[in-house]
Every structure is written in structure tokens, then in C-alpha cells.
Amino acid sequence: MSDEVKLLDFWGSPFAARVRIALAEKGVSYELQAEDIFGGKSDLLLTSNPIYEKVPVLLHDGKPVVESTNIVYYIDETWSTQGPQLLPACSYGRARARFWADFIDKKVFDTGCNIWKGQGEELELAKKEFIDILKKLDGALGDKDYYGGDKFGFLDVLLIALSSWFLAYEKYGGFTIEEESPKIAAWMKRCSERASVVKGLPDSQQVCELVGTIRKMHGLE
Amino acid sequence: MGDEVILLDLYPSMYAMRVRIALAEKEIKHESKEQDVVNKSQLLLDMNPVHKKIPVLVHNGQPICESLIIVQYIDEVWTHKSPLLPSDPYHKARARFWADFVDKKVSDPARRIWLKKGEELEIAKKEFIEALKLLEGELGDKTYFGGDKFGFVDVALIPFYSWFETYETCGNFSIEEHCPTLITWGKKCMERESVHKSMPDPKKICEFVLNDLRKKYGVE
């Protein structure tokens with residue numbers, strides 16, 4: 001059985017980072033195709049994700065899977081006997097994991113964007129909302145080492161990837177994760193020690209510089 | 001084995017309809033508890049503290065929230081009949097993509113059709129039709145989004161069909177004119193017992209929105 005795996009990627013995308021981490025967790029070899037999302041998207045990207053025209057796209061034997069959370073589900077199900085199981089085994093556990101994945105997807109990145117894009121009143125509102133989100137995620141983690149329990153799992157993959165943009169939110173929002181949720185800060189440090197995360201996560205400083213560039217593009221500085 | 005299944009429900013909600021349809025497809029005995037979404041019950045607040053919204057499925061005391069997540073849960077727990085999601089990962093991923101598309105691209109414009117007027121209404125109609133046309137493209141010449149079997153994407157979208165008359169009345173347009181294949185699909189789905197038993201009368205929804213809901217939101 002041929003297993004040709006290709007990832008249409010952008011180094012700074014926290015969504016593509018999720019896929020890189022998941023593939024690394026499963027020990028799946030793949031070809032990385034870097035997309036120039038500002039300059040010109042490839043024909044392959046536009047034809048394999050015609051609805052959203054975004055990275056990441058996973059091409060497995062030429063068949064595209066899009067939307068990062070969807071791709072991580074797909075990776076866990078396809079390479080189910082390889083590497084760790086990312087989703088819980090029981091149906092209720094899976095439903096809870098999907099619930100928090102949906103919460104993370106609806107809230108974290110967009111609120112973060114409102115922080116680095118916002119000014120004055122808007123910025124303060126976005127910051128308040130982000131801190132409230134952190135508190136909910138803090139509650140969901142509880143006293144576990146990982147969202148997956150004692151093992152790094154599905155939610156850990158989804159959230160640690162987004163955390164690569166937290167330094168930028170801290171910089172433009174004027175707050176620190178450590179102060180607002182020492183538990184989440186400790187979880188971030190714990191996850192960052194994993195080989196898959198070291199390999200898959202973009203450097204936070206470089207992301208900060210990227211955000212600065214995007215802000216200039218939008219006339220925000 | 002006693003299985004206590006309770007649905008925190010709301011008659012006109014398309015999200016609650018998805019769950020009602022899935023429960024009916026699987027013939028799961030359950031108790032429906034109609035909720036007051038203005039004065040929310042302690043039960044609702046306890047079962048969905050994060051979003052405080054319906055629908056919530058309570059299975060043997062454990063709450064499951066978010067309609068598409070509930071439908072997947074129902075499909076995984078009750079496997080004796082009517083599988084809703086495909087078994088192979090690639091087709092499962094495609095089904096999840098399109099169900100998610102309904103939530104991302106149909107829901108909000110649909111809501112704005114009955115909520116807005118003037119320019120905003122026209123924009124909402126345009127976005128709504130564009131999204132429906134993309135769904136029509138995905139349906140192609142299949143009977144259902146699931147192929148020859150009623151499936152996950154059909155469950156995700158069909159509740160909006162019961163609101164079509166409302167959108168057409170508020171927006172003064174015909175959905176069939178733009179998306180005839182989708183109307184044919186809707187009629188086919190309505191032949192299923194699980195669907196027509198779970199969905200309210202479109203006229204009742206229209207009356208509710210025009211006489212009740214729009215007033216509540218100050219739309220005149």
C-alpha cells in the first residue's frame with residue numbers, strides 16, 4: 001500500500017503546526033510543500049481546497065483533507081495502530097474532547113487576532129475576552145498533566161500549536177500567560193519538551209515578528 | 001440495561017432538530033425537555049455551563065453539548081442501525097468538512113435574512129445562496145449527501161429546510177429558483193419518518209419568526 005503523504009504548509013500557521021505535530025506523534029513520513037500565502041498560492045492549494053483556499057491541506061495518496069482539526073482526526077483514525085492514540089477510547093471522552101476542540105477553534109485564534117489588530121477600547125475588550133478563555137481552558141485542564149489526562153492527546157495538539165502565537169498576544173495585549181494562568185503556562189512548558197512539538201511548532205519570536213509585519217501591511221504600525 | 005436519555009430541546013431550533021432526527025433514526029427512547037432560553041433552567045446551566053445553550057443530550061446523567069458533536073456521539077454509541085458517518089477515514093473527513101461548512105457558511109447568513117433589512121438583508125441573501133450552491137455542487141446527482149444512504153451531512157443541513165419558507169418570506173425570494181436540486185433533496189429527506197416527525201411545520205416557524213422572534217429583536 002503506497003502511503004504518499006504531502007502537507008501544504010506555511011511555517012507560521014498555527015493550524016499547519018497542528019498537523020506537523022500530529023504527523024510527528026504518529027511517526028508518519030511526509031513531504032512538506034511550503035506555500036507563499038502572501039505572494040501567490042500554488043495551483044495545488046487552490047484546487048485541493050477550493051472553498052477556503054487555505055493551509056493546511058493534507059494530501060494522502062493525492063486525496064485532500066482540509067481544516068486542521070479535521071486533519072488531526074483523520075491522522076488519528078488512519079494511522080490508528082501507529083504511535084499514540086490521540087483521541088480517548090470511550091465515546092463520552094471523545095465527545096468531551098470534541099467539545100473543547102470546538103471551543104478552542106471558535107475562540108482562541110480569533111480573539112487573539114482581535115488583540116494584535118485592535119486598539120484602545122477594542123484591544124481592552126479582546127484582552128478581557130482572551131483572559132476569560134484562558135480561565136475556562138485552565139478549568140478544563142484541572143489538575144491533569146495534559147488535556148489527554150496523563151498522556152499528551154488530541155486537545156494538547158490543537159492548543160499547543162495555537163500557543164505559538166501567545167507571545168504576540170502578550171506583547172500587544174500587555175499581559176502574561178504566567179500571571180493569568182500559571183497552570184496553562186506550566187502545561188505549555190511541559191508540552192514544549194515533546195519531540196513532536198519541538199519539531200512542529202514555529203518559534204514564538206519569529207511569529208511575533210511575522211505579526212509585526214502583518215500589522216504593518218494593515219497600516220497598524 | 002437501562003439507558004436514560006434526555007434531550008434539552010427547543011421546538012424551532014435547527015440544532016435541536018439535528019439531534020431529534022439522529023435519535024429517531026436510531027429509534028432511541030428518550031425524554032424531551034423543552035427549554036425556556038430566556039429564563040434558563042438550572043438543569044440547562046448545570047449541563048452546559050460553558051455555552052448555556054440547547055441542545056444538550058444527557059445520557060445516564062452525562063451531558064454532551066453542540067449539535068454535531070451530539071450526533072457523532074449518538075452514531076458511535078448506538079451502532080445497531082442507521083450508521084450516519086462513513087466508516088473509512090477519508091469519507092468521514094469529507095462528511096465532517098461539509099457538516100462544518102453548514103455551520104460556518106449557512107447558519108449566520110440564514111440568521112441575518114430574518115434579522116436584517118435593506119442592504120444587510122441583500123448581502124445575507126447573496127451569501128446564503130452562494131453557500132447553498134456550493135452544497136448543491138457537493139450533492140451532485142446523489143440522492144443524499146451520504147450517497148444512497150441518509151447520513152451526517154443530510155442531518156446537519158435538513159433542519160434548515162424547515163426554515164426555508166421563513167427565509168423566502170423575509171427575504172422575498174425563491175430558494176428553488178436558485179437551488180432546485182437542493183429542494184428536490186429536501187423533499188426526499190422529508191419522506192423519511194425520522195425527519196418529518198422531528199421537524200416542525202414550516203408555516204408555524206414562519207409565524208413564530210414574523211410575529212414573535214422579530215419583535216423580540218426589534219425588527220420591523
# chains A, B, ... in the order shown; residues from 1 in each chain; ligands from 1
>>> residues_around(residues="segment 196-200 of chain A", least_positions_apart="3", cutoff="7 Å", atoms="only C-alpha atoms", output="PyMOL selection string")
chain A and resi 17+20-21+24-25+191-193
>>> write_last_selection(atoms="N, CA and C atoms", output="compact mmCIF listing (two decimals), in the first residue's frame")
# COMPACT_ATOMS: atom_id res chain seq x y z
N ALA A 17 0.80 23.88 12.05
CA ALA A 17 1.62 23.32 13.13
C ALA A 17 0.92 22.13 13.79
N ARG A 20 1.61 19.18 11.61
CA ARG A 20 3.02 18.76 11.73
C ARG A 20 3.22 17.98 13.04
N ILE A 21 2.64 18.47 14.11
CA ILE A 21 2.79 17.79 15.41
C ILE A 21 2.11 16.42 15.38
N ALA A 24 4.07 13.95 13.40
CA ALA A 24 5.28 13.57 14.13
C ALA A 24 4.93 12.60 15.26
N GLU A 25 3.81 12.84 15.94
CA GLU A 25 3.38 11.93 17.02
C GLU A 25 3.20 10.51 16.48
N CYS A 191 4.49 20.58 27.45
CA CYS A 191 4.28 20.12 26.06
C CYS A 191 5.47 20.46 25.17
N SER A 192 6.09 21.63 25.45
CA SER A 192 7.20 22.08 24.60
C SER A 192 8.41 21.18 24.68
N GLU A 193 8.42 20.28 25.67
CA GLU A 193 9.55 19.36 25.80
C GLU A 193 9.40 18.13 24.90
>>> interface_residues(of="chain A", to="chain B", cutoff="7 Å", atoms="only C-alpha atoms", output="compact mmCIF listing (two decimals) with N, CA, C and O atoms, in the first residue's frame")
# COMPACT_ATOMS: atom_id res chain seq x y z
N VAL A 65 -7.43 16.42 2.43
CA VAL A 65 -8.20 16.58 3.67
C VAL A 65 -7.89 17.99 4.16
O VAL A 65 -6.72 18.38 4.23
N ASN A 70 -10.02 18.72 11.56
CA ASN A 70 -10.48 17.60 10.73
C ASN A 70 -9.29 16.73 10.32
O ASN A 70 -9.37 15.49 10.34
N TYR A 74 -8.41 12.82 11.16
CA TYR A 74 -8.11 11.90 10.05
C TYR A 74 -6.81 11.15 10.31
O TYR A 74 -6.72 9.93 10.12
N GLU A 77 -7.28 8.53 12.99
CA GLU A 77 -8.07 7.38 12.53
C GLU A 77 -7.33 6.54 11.49
O GLU A 77 -7.46 5.32 11.47
N THR A 78 -6.59 7.20 10.61
CA THR A 78 -5.91 6.48 9.53
C THR A 78 -4.72 5.69 10.04
O THR A 78 -4.52 4.53 9.68
N SER A 91 -16.55 6.75 24.06
CA SER A 91 -17.37 7.71 23.30
C SER A 91 -17.59 9.01 24.06
O SER A 91 -17.58 10.08 23.46
N ALA A 95 -16.47 12.77 22.98
CA ALA A 95 -17.43 13.88 22.88
C ALA A 95 -16.91 15.10 23.66
O ALA A 95 -17.01 16.24 23.19
N ARG A 98 -14.06 16.61 21.69
CA ARG A 98 -14.57 17.36 20.53
C ARG A 98 -15.18 18.69 20.99
O ARG A 98 -15.06 19.70 20.30
N PHE A 99 -15.85 18.67 22.13
CA PHE A 99 -16.46 19.90 22.66
C PHE A 99 -15.40 20.97 22.88
O PHE A 99 -15.53 22.11 22.47
>>> residues_around(residues="segment 35-37 of chain B", least_positions_apart="6", cutoff="9 Å", atoms="only C-alpha atoms", output="list in words")
Leu8, Asp9, Leu10, Tyr11, Leu44, Lys52, Lys53 and Ile54 of chain B
>>> write_last_selection(atoms="N, CA, C and O atoms", output="mmCIF file, in the first residue's frame")
data_model
loop_
_atom_site.group_PDB
_atom_site.id
_atom_site.type_symbol
_atom_site.label_atom_id
_atom_site.label_comp_id
_atom_site.auth_asym_id
_atom_site.auth_seq_id
_atom_site.Cartn_x
_atom_site.Cartn_y
_atom_site.Cartn_z
ATOM 1 N N LEU B 8 -32.362 18.199 26.153
ATOM 2 C CA LEU B 8 -32.778 19.578 26.471
ATOM 3 C C LEU B 8 -33.005 20.233 25.119
ATOM 4 O O LEU B 8 -32.075 20.418 24.332
ATOM 5 N N ASP B 9 -34.253 20.550 24.870
ATOM 6 C CA ASP B 9 -34.758 20.722 23.494
ATOM 7 C C ASP B 9 -35.336 22.115 23.287
ATOM 8 O O ASP B 9 -35.577 22.854 24.253
ATOM 9 N N LEU B 10 -35.550 22.482 22.038
ATOM 10 C CA LEU B 10 -36.246 23.728 21.712
ATOM 11 C C LEU B 10 -36.882 23.514 20.350
ATOM 12 O O LEU B 10 -36.182 23.258 19.371
ATOM 13 N N TYR B 11 -38.193 23.604 20.334
ATOM 14 C CA TYR B 11 -39.002 23.258 19.153
ATOM 15 C C TYR B 11 -38.497 23.808 17.820
ATOM 16 O O TYR B 11 -38.294 23.051 16.880
ATOM 17 N N LEU B 44 -30.247 23.280 32.582
ATOM 18 C CA LEU B 44 -29.511 23.690 31.378
ATOM 19 C C LEU B 44 -28.171 24.326 31.755
ATOM 20 O O LEU B 44 -27.131 24.017 31.181
ATOM 21 N N LYS B 52 -24.234 27.548 27.801
ATOM 22 C CA LYS B 52 -25.597 27.746 28.315
ATOM 23 C C LYS B 52 -26.636 27.655 27.194
ATOM 24 O O LYS B 52 -27.601 28.416 27.168
ATOM 25 N N LYS B 53 -26.410 26.741 26.235
ATOM 26 C CA LYS B 53 -27.302 26.670 25.079
ATOM 27 C C LYS B 53 -27.880 25.276 24.894
ATOM 28 O O LYS B 53 -27.281 24.281 25.327
ATOM 29 N N ILE B 54 -28.998 25.227 24.190
ATOM 30 C CA ILE B 54 -29.523 23.931 23.734
ATOM 31 C C ILE B 54 -28.962 23.683 22.332
ATOM 32 O O ILE B 54 -28.522 24.622 21.671
#
>>> closest_residue(among="B:Leu115, B:Met47, B:Ala156, B:Leu121", to="Ala95 of chain B", atoms="only C-alpha atoms")
B:Ala156
>>> residues_around(residues="Leu201 of chain A", least_positions_apart="4", cutoff="12 Å", atoms="only C-alpha atoms", output="MDAnalysis selection string")
chainID A and resid 10:22 24 157:165 188 191:197 205:207
>>> write_last_selection(atoms="C-alpha atoms", output="mmCIF file, in the first residue's frame")
data_model
loop_
_atom_site.group_PDB
_atom_site.id
_atom_site.type_symbol
_atom_site.label_atom_id
_atom_site.label_comp_id
_atom_site.auth_asym_id
_atom_site.auth_seq_id
_atom_site.Cartn_x
_atom_site.Cartn_y
_atom_site.Cartn_z
ATOM 1 C CA PHE A 10 3.077 27.743 5.954
ATOM 2 C CA TRP A 11 5.781 27.921 8.645
ATOM 3 C CA GLY A 12 3.939 30.492 10.784
ATOM 4 C CA SER A 13 0.480 28.929 10.602
ATOM 5 C CA PRO A 14 -0.539 27.543 13.991
ATOM 6 C CA PHE A 15 -3.111 25.417 12.156
ATOM 7 C CA ALA A 16 -0.455 23.815 9.958
ATOM 8 C CA ALA A 17 1.622 23.317 13.133
ATOM 9 C CA ARG A 18 -1.173 21.098 14.500
ATOM 10 C CA VAL A 19 -0.796 18.797 11.506
ATOM 11 C CA ARG A 20 3.023 18.757 11.729
ATOM 12 C CA ILE A 21 2.788 17.794 15.409
ATOM 13 C CA ALA A 22 0.153 15.088 14.800
ATOM 14 C CA ALA A 24 5.285 13.567 14.134
ATOM 15 C CA VAL A 157 -2.039 19.004 19.883
ATOM 16 C CA LEU A 158 -4.702 21.548 18.951
ATOM 17 C CA LEU A 159 -3.938 24.044 21.707
ATOM 18 C CA ILE A 160 -0.137 23.824 21.921
ATOM 19 C CA ALA A 161 0.017 24.699 18.227
ATOM 20 C CA LEU A 162 -2.060 27.854 18.823
ATOM 21 C CA SER A 163 0.160 28.743 21.797
ATOM 22 C CA SER A 164 2.948 29.614 19.340
ATOM 23 C CA TRP A 165 1.056 32.909 18.834
ATOM 24 C CA MET A 188 2.833 24.891 27.726
ATOM 25 C CA CYS A 191 4.278 20.121 26.063
ATOM 26 C CA SER A 192 7.195 22.081 24.596
ATOM 27 C CA GLU A 193 9.554 19.361 25.802
ATOM 28 C CA ARG A 194 7.974 16.779 23.478
ATOM 29 C CA ALA A 195 9.953 15.974 20.339
ATOM 30 C CA SER A 196 6.890 16.356 18.112
ATOM 31 C CA VAL A 197 6.233 19.838 19.484
ATOM 32 C CA GLN A 205 9.790 35.173 18.500
ATOM 33 C CA GLN A 206 9.613 34.674 14.741
ATOM 34 C CA VAL A 207 5.814 34.585 14.959
#
>>> residues_around(residues="His178 of chain B", least_positions_apart="5", cutoff="10 Å", atoms="only C-alpha atoms", output="number ranges by chain")
B: 129-130, 132-133, 173, 183
>>> closest_residue(among="A:Leu155, A:Ile133, A:Cys208, A:Val57", to="Ser181 of chain A", atoms="only C-alpha atoms")
A:Ile133
>>> closest_residue(among="A:Ala97, A:Ser204, A:Tyr172, A:Leu86", to="Lys151 of chain A", atoms="only C-alpha atoms")
A:Leu86
>>> select_by_dssp(residues="segment 56-109 of chain B", states="strand (DSSP E)", output="JSON, numbers by chain")
{"B": [56, 57, 58, 59, 62, 63, 64, 65]}
>>> residues_around(residues="Ile214 of chain A", least_positions_apart="5", cutoff="10 Å", atoms="only C-alpha atoms", output="PyMOL selection string")
chain A and resi 38+116-117+208-209+219-221
>>> select_by_dssp(residues="segment 149-178 of chain A", states="alpha helix (DSSP H)", output="list of chain:residue names")
A:Phe154, A:Leu155, A:Asp156, A:Val157, A:Leu158, A:Leu159, A:Ile160, A:Ala161, A:Leu162, A:Phe166, A:Leu167, A:Ala168, A:Tyr169, A:Glu170, A:Lys171, A:Tyr172, A:Gly173, A:Ile177, A:Glu178
>>> residues_around(residues="segment 204-206 of chain B", least_positions_apart="5", cutoff="10 Å", atoms="only C-alpha atoms", output="PyMOL selection string")
chain B and resi 11-13+114+162-170+211-213
>>> write_last_selection(atoms="N, CA and C atoms", output="mmCIF file, in the first residue's frame")
data_model
loop_
_atom_site.group_PDB
_atom_site.id
_atom_site.type_symbol
_atom_site.label_atom_id
_atom_site.label_comp_id
_atom_site.auth_asym_id
_atom_site.auth_seq_id
_atom_site.Cartn_x
_atom_site.Cartn_y
_atom_site.Cartn_z
ATOM 1 N N TYR B 11 -38.193 23.604 20.334
ATOM 2 C CA TYR B 11 -39.002 23.258 19.153
ATOM 3 C C TYR B 11 -38.497 23.808 17.820
ATOM 4 N N PRO B 12 -38.277 25.121 17.685
ATOM 5 C CA PRO B 12 -37.903 25.647 16.366
ATOM 6 C C PRO B 12 -36.397 25.607 16.052
ATOM 7 N N SER B 13 -35.575 25.139 17.014
ATOM 8 C CA SER B 13 -34.127 25.219 16.814
ATOM 9 C C SER B 13 -33.635 24.164 15.828
ATOM 10 N N TRP B 114 -33.570 36.810 8.433
ATOM 11 C CA TRP B 114 -34.793 37.199 9.161
ATOM 12 C C TRP B 114 -34.554 38.333 10.146
ATOM 13 N N SER B 162 -36.639 23.355 7.008
ATOM 14 C CA SER B 162 -37.904 23.724 7.665
ATOM 15 C C SER B 162 -37.999 25.234 7.857
ATOM 16 N N TRP B 163 -36.875 25.933 7.725
ATOM 17 C CA TRP B 163 -36.852 27.385 7.841
ATOM 18 C C TRP B 163 -36.857 28.085 6.469
ATOM 19 N N PHE B 164 -36.833 27.323 5.381
ATOM 20 C CA PHE B 164 -36.765 27.922 4.046
ATOM 21 C C PHE B 164 -37.925 28.872 3.774
ATOM 22 N N GLU B 165 -39.128 28.463 4.185
ATOM 23 C CA GLU B 165 -40.298 29.325 3.938
ATOM 24 C C GLU B 165 -40.125 30.665 4.668
ATOM 25 N N THR B 166 -39.562 30.603 5.857
ATOM 26 C CA THR B 166 -39.303 31.819 6.638
ATOM 27 C C THR B 166 -38.303 32.718 5.905
ATOM 28 N N TYR B 167 -37.211 32.119 5.423
ATOM 29 C CA TYR B 167 -36.203 32.927 4.721
ATOM 30 C C TYR B 167 -36.798 33.548 3.462
ATOM 31 N N GLU B 168 -37.591 32.749 2.733
ATOM 32 C CA GLU B 168 -38.184 33.236 1.478
ATOM 33 C C GLU B 168 -39.149 34.390 1.741
ATOM 34 N N THR B 169 -39.908 34.265 2.813
ATOM 35 C CA THR B 169 -40.875 35.323 3.161
ATOM 36 C C THR B 169 -40.151 36.593 3.594
ATOM 37 N N CYS B 170 -39.164 36.433 4.487
ATOM 38 C CA CYS B 170 -38.431 37.619 4.986
ATOM 39 C C CYS B 170 -37.591 38.260 3.892
ATOM 40 N N ASN B 211 -44.138 36.950 13.894
ATOM 41 C CA ASN B 211 -44.982 37.558 14.939
ATOM 42 C C ASN B 211 -44.297 37.680 16.291
ATOM 43 N N ASP B 212 -43.266 36.880 16.498
ATOM 44 C CA ASP B 212 -42.701 36.753 17.838
ATOM 45 C C ASP B 212 -41.230 37.164 17.877
ATOM 46 N N LEU B 213 -40.408 36.359 17.185
ATOM 47 C CA LEU B 213 -38.960 36.499 17.274
ATOM 48 C C LEU B 213 -38.465 37.852 16.769
#
>>> closest_residue(among="B:Gly171, B:Ile6, B:Val153, B:Ser194", to="Arg111 of chain B", atoms="only C-alpha atoms")
B:Gly171
>>> closest_residue(among="B:Asp154, B:Asp201, B:Glu119, B:Glu34", to="Leu139 of chain B", atoms="only C-alpha atoms")
B:Asp154
